[in-house]
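J.: Got a file for you: structure-v2.cif, mmCIF, C-alpha atoms, pLDDT in the B column; chains and numbers go by the auth columns.
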```cif
data_work
#
loop_
_atom_site.group_PDB
_atom_site.id
_atom_site.type_symbol
_atom_site.label_atom_id
_atom_site.label_comp_id
_atom_site.label_asym_id
_atom_site.label_seq_id
_atom_site.Cartn_x
_atom_site.Cartn_y
_atom_site.Cartn_z
_atom_site.B_iso_or_equiv
_atom_site.auth_seq_id
_atom_site.auth_asym_id
ATOM 1 C CA MET A 1 54.795 53.301 6.431 88.00 1 A
ATOM 2 C CA GLN A 2 52.775 51.464 3.847 93.00 2 A
ATOM 3 C CA THR A 3 49.502 49.615 4.294 94.00 3 A
ATOM 4 C CA PHE A 4 48.848 46.348 2.440 96.00 4 A
ATOM 5 C CA HIS A 5 45.384 44.807 1.952 96.00 5 A
ATOM 6 C CA ILE A 6 45.498 41.127 1.072 97.00 6 A
ATOM 7 C CA ARG A 7 42.395 39.082 0.212 97.00 7 A
ATOM 8 C CA TYR A 8 42.729 35.339 0.579 97.00 8 A
ATOM 9 C CA ARG A 9 40.778 32.115 0.937 95.00 9 A
ATOM 10 C CA ASN A 10 40.893 31.037 4.556 93.00 10 A
ATOM 11 C CA THR A 11 42.552 27.643 4.201 93.00 11 A
ATOM 12 C CA GLN A 12 44.927 26.105 6.695 93.00 12 A
ATOM 13 C CA GLY A 13 48.167 28.076 6.988 93.00 13 A
ATOM 14 C CA THR A 14 47.414 30.837 4.468 96.00 14 A
ATOM 15 C CA LEU A 15 47.544 33.697 6.973 96.00 15 A
ATOM 16 C CA MET A 16 50.787 32.329 8.451 97.00 16 A
ATOM 17 C CA ARG A 17 52.393 32.154 4.982 97.00 17 A
ATOM 18 C CA ILE A 18 51.367 35.784 4.358 97.00 18 A
ATOM 19 C CA LEU A 19 52.891 36.931 7.661 97.00 19 A
ATOM 20 C CA ASN A 20 56.026 34.798 7.213 97.00 20 A
ATOM 21 C CA ALA A 21 56.816 36.581 3.933 96.00 21 A
ATOM 22 C CA ALA A 22 57.395 39.800 5.918 96.00 22 A
ATOM 23 C CA SER A 23 58.961 38.284 9.033 96.00 23 A
ATOM 24 C CA ARG A 24 61.545 36.276 7.038 95.00 24 A
ATOM 25 C CA ARG A 25 62.862 39.569 5.651 94.00 25 A
ATOM 26 C CA GLY A 26 63.234 40.985 9.162 94.00 26 A
ATOM 27 C CA ILE A 27 60.432 43.509 8.609 95.00 27 A
ATOM 28 C CA ASP A 28 58.665 44.669 11.760 93.00 28 A
ATOM 29 C CA ILE A 29 54.882 44.158 11.619 93.00 29 A
ATOM 30 C CA PRO A 30 53.367 46.784 13.963 93.00 30 A
ATOM 31 C CA VAL A 31 49.762 46.440 12.714 93.00 31 A
ATOM 32 C CA VAL A 32 47.944 43.257 11.661 95.00 32 A
ATOM 33 C CA HIS A 33 44.167 43.164 11.275 96.00 33 A
ATOM 34 C CA ALA A 34 42.460 40.066 9.840 95.00 34 A
ATOM 35 C CA GLU A 35 38.728 39.837 9.217 95.00 35 A
ATOM 36 C CA PRO A 36 36.174 38.038 7.041 94.00 36 A
ATOM 37 C CA ALA A 37 35.392 39.849 3.783 88.00 37 A
ATOM 38 C CA GLU A 38 32.310 38.478 2.002 85.00 38 A
ATOM 39 C CA HIS A 39 33.156 34.853 1.100 90.00 39 A
ATOM 40 C CA ASP A 40 36.899 35.316 1.637 94.00 40 A
ATOM 41 C CA HIS A 41 39.090 36.886 4.299 96.00 41 A
ATOM 42 C CA GLN A 42 41.221 40.026 4.310 96.00 42 A
ATOM 43 C CA VAL A 43 44.320 40.932 6.280 96.00 43 A
ATOM 44 C CA THR A 44 45.610 44.489 6.599 96.00 44 A
ATOM 45 C CA LEU A 45 49.312 44.921 7.375 96.00 45 A
ATOM 46 C CA THR A 46 51.186 48.154 8.051 94.00 46 A
ATOM 47 C CA LEU A 47 54.885 47.814 7.286 94.00 47 A
ATOM 48 C CA GLU A 48 57.944 50.059 6.986 93.00 48 A
ATOM 49 C CA VAL A 49 59.342 48.929 3.623 94.00 49 A
ATOM 50 C CA ASN A 50 61.313 50.250 0.649 93.00 50 A
ATOM 51 C CA GLN A 51 60.382 49.806 -3.034 92.00 51 A
ATOM 52 C CA LYS A 52 62.535 46.703 -3.463 94.00 52 A
ATOM 53 C CA GLN A 53 60.856 45.011 -0.480 95.00 53 A
ATOM 54 C CA VAL A 54 57.401 45.956 -1.826 94.00 54 A
ATOM 55 C CA GLY A 55 58.176 44.140 -5.077 94.00 55 A
ATOM 56 C CA GLN A 56 59.519 41.107 -3.233 95.00 56 A
ATOM 57 C CA LEU A 57 56.455 40.938 -0.951 96.00 57 A
ATOM 58 C CA TYR A 58 54.010 41.279 -3.857 96.00 58 A
ATOM 59 C CA ARG A 59 55.790 38.515 -5.755 96.00 59 A
ATOM 60 C CA GLU A 60 55.799 36.179 -2.759 97.00 60 A
ATOM 61 C CA TRP A 61 52.204 36.913 -1.720 97.00 61 A
ATOM 62 C CA TYR A 62 50.924 36.295 -5.248 96.00 62 A
ATOM 63 C CA SER A 63 52.830 32.990 -5.319 96.00 63 A
ATOM 64 C CA ILE A 64 50.688 31.737 -2.422 96.00 64 A
ATOM 65 C CA VAL A 65 47.903 29.670 -3.994 95.00 65 A
ATOM 66 C CA ASP A 66 45.057 30.994 -1.818 96.00 66 A
ATOM 67 C CA VAL A 67 45.909 34.708 -2.150 96.00 67 A
ATOM 68 C CA ILE A 68 43.311 36.380 -4.380 95.00 68 A
ATOM 69 C CA HIS A 69 44.360 40.053 -4.425 95.00 69 A
ATOM 70 C CA VAL A 70 47.132 42.255 -3.019 96.00 70 A
ATOM 71 C CA GLY A 71 46.763 46.033 -2.812 94.00 71 A
ATOM 72 C CA SER A 72 48.728 48.754 -1.072 90.00 72 A
ATOM 73 C CA GLY A 73 48.809 52.436 -0.300 83.00 73 A
ATOM 74 C CA ALA A 74 50.350 54.926 2.073 70.00 74 A
ATOM 75 C CA ALA A 75 49.216 54.568 5.683 57.00 75 A
ATOM 76 C CA HIS A 76 46.539 57.149 6.460 50.00 76 A
ATOM 77 C CA THR A 77 46.922 59.487 9.407 43.00 77 A
ATOM 78 C CA GLN A 78 44.125 59.937 11.906 40.00 78 A
ATOM 79 C CA MET A 79 44.233 63.749 11.685 38.00 79 A
ATOM 80 C CA TRP A 80 41.864 65.759 9.524 39.00 80 A
ATOM 81 C CA SER A 81 43.442 66.640 6.218 45.00 81 A
ATOM 82 C CA SER A 82 40.721 68.983 4.948 47.00 82 A
ATOM 83 C CA PRO A 83 39.509 72.236 6.529 53.00 83 A
ATOM 84 C CA HIS A 84 36.310 71.989 8.519 52.00 84 A
ATOM 85 C CA PRO A 85 34.218 74.522 10.428 52.00 85 A
ATOM 86 C CA PRO A 86 34.935 74.976 14.140 53.00 86 A
ATOM 87 C CA SER A 87 32.588 73.251 16.565 54.00 87 A
ATOM 88 C CA GLY A 88 29.430 75.211 17.267 56.00 88 A
ATOM 89 C CA VAL A 89 29.136 76.531 13.704 50.00 89 A
ATOM 90 C CA THR A 90 26.416 74.944 11.612 57.00 90 A
ATOM 91 C CA VAL A 91 26.969 74.057 7.986 58.00 91 A
ATOM 92 C CA ASP A 92 24.501 76.759 6.833 63.00 92 A
ATOM 93 C CA GLU A 93 26.382 79.453 8.797 62.00 93 A
ATOM 94 C CA ALA A 94 29.690 78.290 7.333 56.00 94 A
ATOM 95 C CA ARG A 95 28.281 78.428 3.774 63.00 95 A
ATOM 96 C CA ALA A 96 26.821 81.885 4.325 65.00 96 A
ATOM 97 C CA ALA A 97 30.161 83.138 5.655 66.00 97 A
ATOM 98 C CA ALA A 98 31.969 81.662 2.665 64.00 98 A
ATOM 99 C CA ARG A 99 29.664 83.456 0.204 67.00 99 A
ATOM 100 C CA ALA A 100 30.121 86.836 1.883 63.00 100 A
#
```
The structure given in the file should be rewritten as structure tokens.
T.:
Amino acid sequence: MQTFHIRYRNTQGTLMRILNAASRRGIDIPVVHAEPAEHDHQVTLTLEVNQKQVGQLYREWYSIVDVIHVGSGAAHTQMWSSPHPPSGVTVDEARAAARA
């Protein structure tokens, strides 16, 4: 899964053109989140794509006049990825135990 963040000017049909670029390729769109971002808008899409499709999507999204920026990255999991102290242990106790 890969997450795409696309900033665009909210003119008529821009969001639909962004979504159509993925749907025309038969790519399932499980997550779509659109929101205002300062003076523009941003849509976040999570897609299951290969490298060739990523290049095609970037090219098509940048060809849309009102698209300002396209960025992507791996979808982040909701689980903790770094170690953390168990509940009930204060930060000071955890630091003291680490020094000992």
J.: Please identify all polymer residues within 10 Å of segment 13-15 of chain A, counting all atoms listed in the file, omitting same-chain residues fewer than 3 positions from it, and present them as a list in words.
T.: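 That gives Ile6, Tyr8, Arg9, Asn10, Ile18, Leu19, Asn20, Ala34, His41, Gln42, Val43, Trp61, Ile64, Val65, Asp66 and Val67 of chain A.
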J.: Could you check how far atom CA of Gln51 of chain A sits from atom CA of Ser72 of chain A, in Å to one decimal?
T.: 11.9 Å
J.: Tell me which of A:Thr44, A:Arg7, A:Asp28, A:Ala21 sits closest to Ile68 of chain A, counting all atoms listed in the file.
T.: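 Of A:Thr44, A:Arg7, A:Asp28, A:Ala21, the one nearest Ile68 of chain A, counting all atoms listed in the file, is A:Arg7.
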J.: In Å, how far is it from atom CA of Glu60 of chain A to atom CA of Thr3 of chain A?
T.: 16.4 Å
J.: If the PyMOL selection byres ((chain A and resi 49) around 8) were run on this exact file, what residues would it hold? Put them as a ChimeraX atom specification.
T.: /A:1-2,27,47-48,50-51,53-54
J.: Please measure the separation of atom CA of Phe4 of chain A and atom CA of Thr46 of chain A, giving the value in Å to one decimal.
T.: 6.3 Å
J.: Pick out the closest residue to Gly71 of chain A from this set: A:Tyr58, A:Val31, A:Ala22, A:Glu38. Count only C-alpha atoms.
T.: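 Looking at the shortest contact to Gly71 of chain A, the residue is A:Tyr58.
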J.: Box along x, y and z, 4 Å on every side, all listed atoms of segment 45-52 of chain A inside: centre and edge lengths in Å to one decimal, as lines of an AutoDock Vina configuration file.
T.:
```
center_x = 55.9
center_y = 47.6
center_z = 2.3
size_x = 21.2
size_y = 13.3
size_z = 19.5
```
J.: Go through A:Arg24, A:His5, A:His33, A:Lys52 one by one, measure the shortest atom-to-atom distance of each to Val70 of chain A using only C-alpha atoms, and give the residue with the smallest value.
T.: A:His5
